[in-house]
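Structure below is work.txt: compact mmCIF, C-alpha atoms and all ligand atoms.
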# COMPACT_ATOMS: atom_id res chain seq x y z
CA MET A 270 19.21 -20.04 -10.58
CA THR A 271 21.09 -18.44 -7.68
CA ILE A 272 21.21 -14.66 -7.89
CA PRO A 273 24.75 -13.42 -7.24
CA PRO A 274 24.75 -10.97 -4.29
CA ASP A 275 27.12 -8.64 -6.17
CA HIS A 276 24.61 -8.17 -9.01
CA PRO A 277 23.78 -4.43 -9.24
CA ARG A 278 20.05 -5.23 -9.19
CA TYR A 279 20.38 -7.95 -6.54
CA ARG A 280 17.51 -6.79 -4.31
CA SER A 281 15.15 -6.25 -7.21
CA LEU A 282 15.94 -9.70 -8.68
CA LEU A 283 15.47 -11.31 -5.29
CA VAL A 284 12.05 -9.69 -4.89
CA ARG A 285 11.05 -10.80 -8.40
CA GLU A 286 12.11 -14.35 -7.64
CA ARG A 287 10.14 -14.26 -4.38
CA LEU A 288 7.03 -12.94 -6.13
CA ALA A 289 7.31 -15.57 -8.88
CA GLY A 290 7.41 -18.21 -6.14
CA TYR A 291 4.29 -16.74 -4.58
CA VAL A 292 2.56 -16.95 -7.98
CA ARG A 293 3.34 -20.65 -8.03
CA ASP A 294 1.94 -20.92 -4.46
CA GLY A 295 -1.26 -19.11 -5.49
CA VAL A 296 -0.71 -16.13 -3.16
CA VAL A 297 0.09 -13.61 -5.91
CA SER A 298 -1.96 -13.54 -9.12
CA PRO A 299 -0.06 -13.53 -12.45
CA GLU A 300 -1.56 -10.06 -12.99
CA GLY A 301 0.09 -9.04 -9.72
CA LEU A 302 3.50 -9.44 -11.38
CA ILE A 303 2.51 -6.86 -13.99
CA ALA A 304 1.38 -4.46 -11.27
CA HIS A 305 4.74 -5.01 -9.54
CA GLY A 306 6.56 -4.18 -12.79
CA ARG A 307 4.70 -0.89 -13.02
CA GLY A 308 5.69 -0.13 -9.46
CA GLU A 309 9.35 -0.95 -10.17
CA ALA A 310 9.38 1.44 -13.12
CA PHE A 311 8.11 4.31 -10.97
CA ASP A 312 10.53 3.37 -8.20
CA TYR A 313 13.37 3.81 -10.70
CA LEU A 314 12.05 7.28 -11.49
CA ILE A 315 11.80 8.31 -7.81
CA GLY A 316 15.34 7.01 -7.15
CA GLU A 317 14.38 3.94 -5.08
CA THR A 318 14.38 6.09 -2.00
CA THR A 319 11.94 7.78 0.38
CA THR A 320 11.74 11.41 -0.67
CA LYS A 321 11.22 14.28 1.78
CA SER A 322 7.62 14.73 0.69
CA ALA A 323 6.95 10.96 0.96
CA ALA A 324 8.30 11.04 4.52
CA LEU A 325 5.90 13.88 5.32
CA ALA A 326 3.06 11.87 3.78
CA GLU A 327 4.08 8.90 5.96
CA LYS A 328 4.01 11.10 9.05
CA THR A 329 0.60 12.40 8.00
CA ALA A 330 -0.62 8.82 7.47
CA ALA A 331 0.51 7.94 11.02
CA ALA A 332 -1.36 10.95 12.40
CA MET A 333 -4.53 9.98 10.52
CA LEU A 334 -4.36 6.36 11.66
CA ARG A 335 -3.63 7.40 15.23
CA SER A 336 -6.69 9.60 15.45
CA ALA A 337 -8.97 7.13 13.63
CA ARG A 338 -11.98 5.65 15.43
CA HIS A 339 -11.79 2.34 13.52
CA PRO A 340 -8.61 2.06 11.40
CA VAL A 341 -8.38 -0.77 8.87
CA ILE A 342 -5.50 -2.02 6.70
CA SER A 343 -6.69 -3.70 3.50
CA VAL A 344 -4.17 -6.24 2.20
CA ASN A 345 -3.94 -7.86 -1.23
CA GLY A 346 -1.68 -10.64 -2.56
CA ASN A 347 1.24 -8.42 -3.58
CA THR A 348 1.25 -6.57 -0.25
CA ALA A 349 1.19 -9.84 1.72
CA ALA A 350 3.99 -11.31 -0.40
CA LEU A 351 6.18 -8.22 -0.15
CA ALA A 352 5.44 -6.86 3.30
CA ALA A 353 3.74 -9.32 5.68
CA ARG A 354 6.17 -8.51 8.49
CA GLU A 355 5.83 -4.77 7.95
CA ILE A 356 2.03 -5.11 8.11
CA ALA A 357 2.42 -6.94 11.43
CA GLY A 358 4.57 -4.08 12.75
CA LEU A 359 2.04 -1.45 11.76
CA GLN A 360 -0.85 -3.45 13.18
CA GLN A 361 0.99 -3.81 16.47
CA ALA A 362 1.66 -0.08 16.66
CA SER A 363 -1.77 1.09 15.51
CA GLY A 364 -4.16 -1.63 16.65
CA ALA A 365 -5.70 -1.53 13.16
CA ILE A 366 -7.85 -4.35 11.85
CA VAL A 367 -6.22 -6.19 8.95
CA GLU A 368 -8.47 -7.69 6.31
CA VAL A 369 -7.72 -9.38 3.01
CA ASN A 370 -9.30 -7.91 -0.12
CA LEU A 371 -8.54 -9.30 -3.55
CA PHE A 372 -9.28 -8.25 -7.10
CA HIS A 373 -8.84 -11.84 -8.32
CA ARG A 374 -10.73 -13.29 -5.39
CA THR A 375 -11.20 -16.93 -4.54
CA GLU A 376 -11.80 -18.24 -1.05
CA GLU A 377 -8.70 -20.41 -1.45
CA ARG A 378 -6.51 -17.36 -2.18
CA VAL A 379 -8.01 -15.44 0.75
CA GLN A 380 -7.11 -18.36 3.03
CA LYS A 381 -3.56 -18.68 1.62
CA ILE A 382 -2.89 -14.97 2.07
CA SER A 383 -4.39 -14.99 5.56
CA ARG A 384 -2.10 -17.90 6.54
CA LEU A 385 0.96 -16.09 5.17
CA LEU A 386 0.07 -12.95 7.12
CA GLU A 387 -0.59 -14.92 10.30
CA ALA A 388 2.73 -16.74 9.97
CA ASN A 389 4.34 -13.29 10.08
CA GLY A 390 2.50 -12.16 13.18
CA VAL A 391 -0.58 -10.47 11.71
CA THR A 392 -4.03 -10.99 13.23
CA VAL A 393 -6.34 -11.28 10.23
CA LEU A 394 -10.03 -10.48 10.38
CA SER A 395 -12.08 -13.52 9.48
CA GLY A 396 -15.78 -13.95 8.97
CA LYS A 397 -18.19 -13.80 6.11
CA ALA A 398 -17.46 -11.25 3.39
CA GLU A 399 -20.45 -9.28 2.14
CA ARG A 400 -21.11 -6.99 -0.81
CA ILE A 401 -20.30 -3.73 0.95
CA LEU A 402 -18.74 -1.55 -1.74
CA PRO A 403 -20.76 -0.12 -4.64
CA LEU A 404 -18.91 -2.19 -7.26
CA SER A 405 -20.13 -4.91 -9.59
CA HIS A 406 -17.19 -7.32 -9.35
CA ASP A 407 -15.80 -9.20 -6.37
CA ARG A 408 -13.92 -6.17 -5.10
CA ALA A 409 -17.31 -5.25 -3.63
CA LEU A 410 -16.75 -8.01 -1.06
CA SER A 411 -15.56 -6.87 2.36
CA TYR A 412 -16.21 -7.45 6.03
CA PRO A 413 -18.83 -5.45 7.95
CA GLU A 414 -16.60 -5.31 11.07
CA GLY A 415 -13.61 -4.26 8.93
CA THR A 416 -14.03 -1.99 5.91
CA GLY A 417 -17.75 -1.70 6.57
CA ASN A 418 -17.19 0.08 9.88
CA ALA A 419 -13.87 1.79 9.03
CA ASP A 420 -13.46 5.54 9.14
CA VAL A 421 -9.81 5.47 7.98
CA ILE A 422 -8.58 2.73 5.68
CA LEU A 423 -5.02 2.14 4.51
CA VAL A 424 -4.87 0.50 1.10
CA PRO A 425 -1.36 -0.36 -0.06
CA LEU A 426 -1.34 -1.07 -3.83
CA GLU A 427 -5.04 -0.53 -4.42
CA ASP A 428 -6.85 -0.22 -7.74
CA GLY A 429 -8.57 2.98 -8.73
CA ASP A 430 -12.21 1.95 -8.80
CA ARG A 431 -12.10 0.43 -5.33
CA CYS A 432 -10.42 3.53 -3.97
CA GLU A 433 -13.11 5.66 -5.60
CA ALA A 434 -15.87 3.44 -4.17
CA LEU A 435 -14.41 3.77 -0.66
CA ARG A 436 -14.33 7.56 -1.00
CA THR A 437 -17.95 7.54 -2.22
CA MET A 438 -18.82 5.70 1.00
CA GLY A 439 -17.30 8.59 2.98
CA LYS A 440 -14.16 6.71 4.07
CA THR A 441 -10.82 8.44 4.49
CA VAL A 442 -8.45 6.50 2.23
CA ILE A 443 -4.67 6.41 2.59
CA ALA A 444 -2.99 4.81 -0.44
CA ILE A 445 0.59 3.66 -0.91
CA ASP A 446 1.33 3.86 -4.61
CA LEU A 447 4.56 4.59 -6.48
CA ASN A 448 2.62 5.92 -9.47
CA PRO A 449 1.48 9.48 -8.73
CA LEU A 450 -0.60 9.43 -11.94
CA SER A 451 -2.70 6.37 -11.09
CA ARG A 452 -6.41 6.73 -10.43
CA THR A 453 -5.81 5.38 -6.93
CA ALA A 454 -3.21 8.06 -6.20
CA ARG A 455 -5.52 10.79 -7.43
CA MET A 456 -8.67 9.45 -5.74
CA ALA A 457 -7.17 8.83 -2.29
CA SER A 458 -7.47 11.28 0.60
CA LEU A 459 -3.71 10.89 1.04
CA THR A 460 -1.21 9.09 -1.17
CA VAL A 461 2.19 7.98 0.02
CA VAL A 462 4.33 7.85 -3.13
CA ASP A 463 6.87 5.34 -1.87
CA GLU A 464 7.64 1.64 -2.14
CA VAL A 465 5.44 -0.38 0.21
CA THR A 466 8.29 -2.04 2.17
CA ARG A 467 9.88 1.38 2.76
CA ALA A 468 6.60 3.16 3.50
CA LEU A 469 5.09 0.83 6.11
CA PRO A 470 8.02 0.89 8.60
CA MET A 471 8.20 4.68 8.23
CA ILE A 472 4.49 5.01 9.14
CA THR A 473 5.00 2.60 12.05
CA GLY A 474 8.03 4.55 13.25
CA PHE A 475 6.09 7.83 13.34
CA PHE A 476 3.51 6.29 15.67
CA SER A 477 5.80 6.46 18.67
CA THR A 478 7.38 9.84 17.91
CA LEU A 479 4.34 11.96 16.95
CA GLN A 480 3.35 14.64 19.45
CA GLU A 481 -0.34 15.39 20.11
CA GLN A 482 0.02 18.89 18.66
CA GLU A 483 1.54 17.52 15.46
CA ILE A 484 -1.25 14.97 15.13
CA GLU A 485 -3.89 17.69 15.35
CA MET A 486 -2.11 19.72 12.69
CA LEU A 487 -1.40 16.86 10.27
CA LYS A 488 -4.63 14.90 10.40
CA GLU A 489 -6.90 17.68 9.13
CA ALA A 490 -7.42 17.81 5.36
CA PRO A 491 -4.12 16.46 3.99
CA ASP A 492 -3.21 18.12 0.71
CA ASN A 493 -2.99 15.09 -1.57
CA ARG A 494 -2.33 17.27 -4.60
CA TYR A 495 0.77 18.65 -2.92
CA PHE A 496 2.20 15.15 -2.33
CA LEU A 497 1.50 14.02 -5.92
CA THR A 498 2.97 17.21 -7.37
CA GLU A 499 6.11 16.90 -5.24
CA ALA A 500 6.59 13.28 -6.40
CA MET A 501 6.27 14.32 -10.05
CA ILE A 502 8.68 17.24 -9.56
CA GLU A 503 11.21 14.82 -8.05
CA MET A 504 10.80 12.37 -10.95
CA ASN A 505 11.18 15.23 -13.46
CA ARG A 506 14.27 16.50 -11.67
CA ARG A 507 15.87 13.08 -11.80
CA LEU A 508 14.99 12.63 -15.48
CA ALA A 509 16.42 16.03 -16.35
CA HIS A 510 19.77 15.03 -14.81
CA ALA A 511 19.71 11.32 -15.68
CA LEU A 512 22.62 11.49 -18.12
CA ASP A 513 24.75 14.06 -16.28
P1 LIG B 1 -5.30 2.64 -11.07
O1 LIG B 1 -6.54 1.83 -11.26
O2 LIG B 1 -5.17 3.21 -9.72
O3 LIG B 1 -5.01 3.68 -12.14
P2 LIG B 1 -3.31 0.65 -11.88
O4 LIG B 1 -4.11 0.03 -12.94
O5 LIG B 1 -1.97 1.22 -12.20
O6 LIG B 1 -4.07 1.71 -11.06
P3 LIG B 1 -2.93 -1.73 -10.36
O7 LIG B 1 -2.25 -2.42 -11.46
O8 LIG B 1 -4.18 -2.26 -9.79
O9 LIG B 1 -3.14 -0.26 -10.66
O10 LIG B 1 -1.97 -1.53 -9.09
C1 LIG B 1 -0.65 -1.41 -9.13
C2 LIG B 1 -0.25 -0.07 -8.57
O11 LIG B 1 0.56 -0.28 -7.44
C3 LIG B 1 0.56 0.68 -9.60
O12 LIG B 1 0.17 2.02 -9.63
C4 LIG B 1 2.00 0.56 -9.12
O13 LIG B 1 2.72 1.72 -9.39
C5 LIG B 1 1.83 0.36 -7.63
N1 LIG B 1 2.84 -0.52 -7.04
C6 LIG B 1 3.21 -1.77 -7.46
N2 LIG B 1 4.14 -2.30 -6.66
C7 LIG B 1 4.36 -1.37 -5.69
C8 LIG B 1 5.19 -1.34 -4.53
N3 LIG B 1 5.99 -2.38 -4.22
N4 LIG B 1 5.14 -0.25 -3.74
C9 LIG B 1 4.33 0.78 -4.02
N5 LIG B 1 3.50 0.82 -5.10
C10 LIG B 1 3.53 -0.24 -5.93
In structure tokens, write the structure found in this file.
Ligand code: ATP
Amino acid sequence: MTIPPDHPRYRSLLVRERLAGYVRDGVVSPEGLIAHGRGEAFDYLIGETTTKSAALAEKTAAAMLRSARHPVISVNGNTAALAAREIAGLQQASGAIVEVNLFHRTEERVQKISRLLEANGVTVLSGKAERILPLSHDRALSYPEGTGNADVILVPLEDGDRCEALRTMGKTVIAIDLNPLSRTARMASLTVVDEVTRALPMITGFFSTLQEQEIEMLKEAPDNRYFLTEAMIEMNRRLAHALD
């Protein structure tokens, strides 16, 4: 079916169609579509836009990545399918290592996602994954030169237990998650409550404009609770006026 460009939900339908295609290709897991649906619902509530507090979180994320000793971006199937080019842009600006980490992990999927990222200009860390995180399932698998050595790790669309495990290991975790109530959002050092394809270019953009003084101020102890509260206030405000 061809989606008519004048459909009011054209972009959303296009993204769904793209993700469904990536399920057929084995890049996105069927479960990934459900996760996307949850994200869409929260995006509706936030107004499908980058709020003021999300923009500040994005600036803070740029400051944290810029002052990191060994920054890493952890990419899963949904992130690769939605934002491979945006990941390439952020890697170029930040010099971060990009590694693939999957909940539904098979070597074949890791390879497919790596190829998709590389086709969009990302340099993907390869090597032998080891059980690095204190988790029982395959989300424990990561790369010693990537997550293993990271001080700051950006995890777009992460799940809560992996985020918690990374914090237990003493890592600074930046999450991108539209759901301010998720375990990931609450466990992260900093959560950007924004859609991943909007959030990544914003973080990349702040790389070139941030002043040293600003970096020093922003990077210390980000107030994650503030960013989550602001997102919920915005969602509440929109709900209260939804039928006006
Ligand atoms: P948790 O374990 O953290 O409580 P969960 O079970 O909700 O999380 P998953 O299903 O693993 O988490 O991950 C999906 C998360 O990613 C959801 O919180 C969803 O809101 C968010 N999400 C999905 N698509 C996007 C997107 N395009 N941009 C930003 N966030 C998204």
Checklist entry - Which value, in Å to one decimal, gives the distance between atom CA of Ala468 of chain A and atom C9 of ligand LIG 1 (chain B)? => result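 Separation of atom CA of Ala468 of chain A and atom C9 of ligand LIG 1 (chain B): 8.2 Å.
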Could the residues of chain A that have an atom at most 10 Å from ligand LIG 1 (chain B) be listed as CSV, each with its closest atom pair and the distance in Å to one decimal, counting all atoms listed in the file and ordered by chain and ascending residue number?
residue,atom,partner,partner_atom,distance
A:Val284,CA,B:LIG1,N3,9.5
A:Glu300,CA,B:LIG1,O7,7.8
A:Gly301,CA,B:LIG1,O7,7.2
A:Leu302,CA,B:LIG1,N2,8.6
A:Ile303,CA,B:LIG1,O7,7.0
A:Ala304,CA,B:LIG1,O7,4.2
A:His305,CA,B:LIG1,N2,4.0
A:Gly306,CA,B:LIG1,C6,6.7
A:Arg307,CA,B:LIG1,O13,4.9
A:Gly308,CA,B:LIG1,O13,3.5
A:Glu309,CA,B:LIG1,N2,6.4
A:Ala310,CA,B:LIG1,O13,7.6
A:Phe311,CA,B:LIG1,O13,6.2
A:Asp312,CA,B:LIG1,N4,7.9
A:Asn347,CA,B:LIG1,N2,7.4
A:Thr348,CA,B:LIG1,N3,7.5
A:Ala350,CA,B:LIG1,N3,9.9
A:Leu351,CA,B:LIG1,N3,7.1
A:Ala352,CA,B:LIG1,N3,8.8
A:Phe372,CA,B:LIG1,O8,8.3
A:Pro425,CA,B:LIG1,C9,7.0
A:Leu426,CA,B:LIG1,O11,4.2
A:Glu427,CA,B:LIG1,O10,5.7
A:Asp428,CA,B:LIG1,O8,3.9
A:Gly429,CA,B:LIG1,O1,3.4
A:Asp430,CA,B:LIG1,O1,6.2
A:Arg431,CA,B:LIG1,O1,8.2
A:Cys432,CA,B:LIG1,O2,7.8
A:Glu433,CA,B:LIG1,O2,9.3
A:Ala444,CA,B:LIG1,N5,8.9
A:Ile445,CA,B:LIG1,C9,5.7
A:Asp446,CA,B:LIG1,N5,3.8
A:Leu447,CA,B:LIG1,N5,4.2
A:Asn448,CA,B:LIG1,O13,4.2
A:Pro449,CA,B:LIG1,O12,7.6
A:Leu450,CA,B:LIG1,O3,7.2
A:Ser451,CA,B:LIG1,O3,3.7
A:Arg452,CA,B:LIG1,O3,3.8
A:Thr453,CA,B:LIG1,O2,3.6
A:Ala454,CA,B:LIG1,O2,6.3
A:Arg455,CA,B:LIG1,O2,7.9
A:Met456,CA,B:LIG1,O2,8.2
A:Ala457,CA,B:LIG1,O2,9.5
A:Val461,CA,B:LIG1,C9,8.5
A:Val462,CA,B:LIG1,C9,7.1
A:Asp463,CA,B:LIG1,C9,5.6
A:Glu464,CA,B:LIG1,N4,3.5
A:Val465,CA,B:LIG1,N4,4.0
A:Thr466,CA,B:LIG1,N3,6.8
A:Arg467,CA,B:LIG1,N4,8.2
A:Ala468,CA,B:LIG1,N4,8.1
A:Leu469,CA,B:LIG1,N4,9.9
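Residue nearest Thr498 of chain A within the list A:Ala353, A:Ala331, A:Ala323, A:Met438: A:Ala323 [criterion: smallest interatomic distance, all atoms listed in the file].
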Near Glu481 of chain A, within 9 Å and counting all atoms listed in the file, which residues show up once chain neighbours fewer than 4 positions away are dropped, as a list in words?
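The filter keeps Ala332, Glu485 and Met486 of chain A.
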Could you list as JSON, numbers by chain every residue that has an atom within 12 Å of (-11.1, 6.0, 17.9), using the file's coordinates and counting all atoms listed in the file? {"A": [333, 334, 335, 336, 337, 338, 339, 340, 341, 363, 364, 365, 418, 419, 420, 421]}
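Note that the spacing between atom CA of Ala509 of chain A and atom CA of Ser281 of chain A amounts to 24.1 Å.
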In Å and to one decimal, atom CA of Ser322 of chain A is distant from atom CA of Arg354 of chain A by 24.6 Å
Using all atoms listed in the file, the best pick from A:Asp513, A:Asp294, A:Glu483, A:Glu499 as closest to Glu377 of chain A would be A:Asp294
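Nearest to Val369 of chain A of all the residues A:Lys397, A:Arg436, A:Lys488, A:His510 is A:Lys397, based on only C-alpha atoms.
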What would the list of residues within 12 Å of (-4.8, 18.6, 2.8) (file frame) look like as a ChimeraX atom specification, if only C-alpha atoms are what count?
/A:325-326,329-330,333,441,457-460,486-497
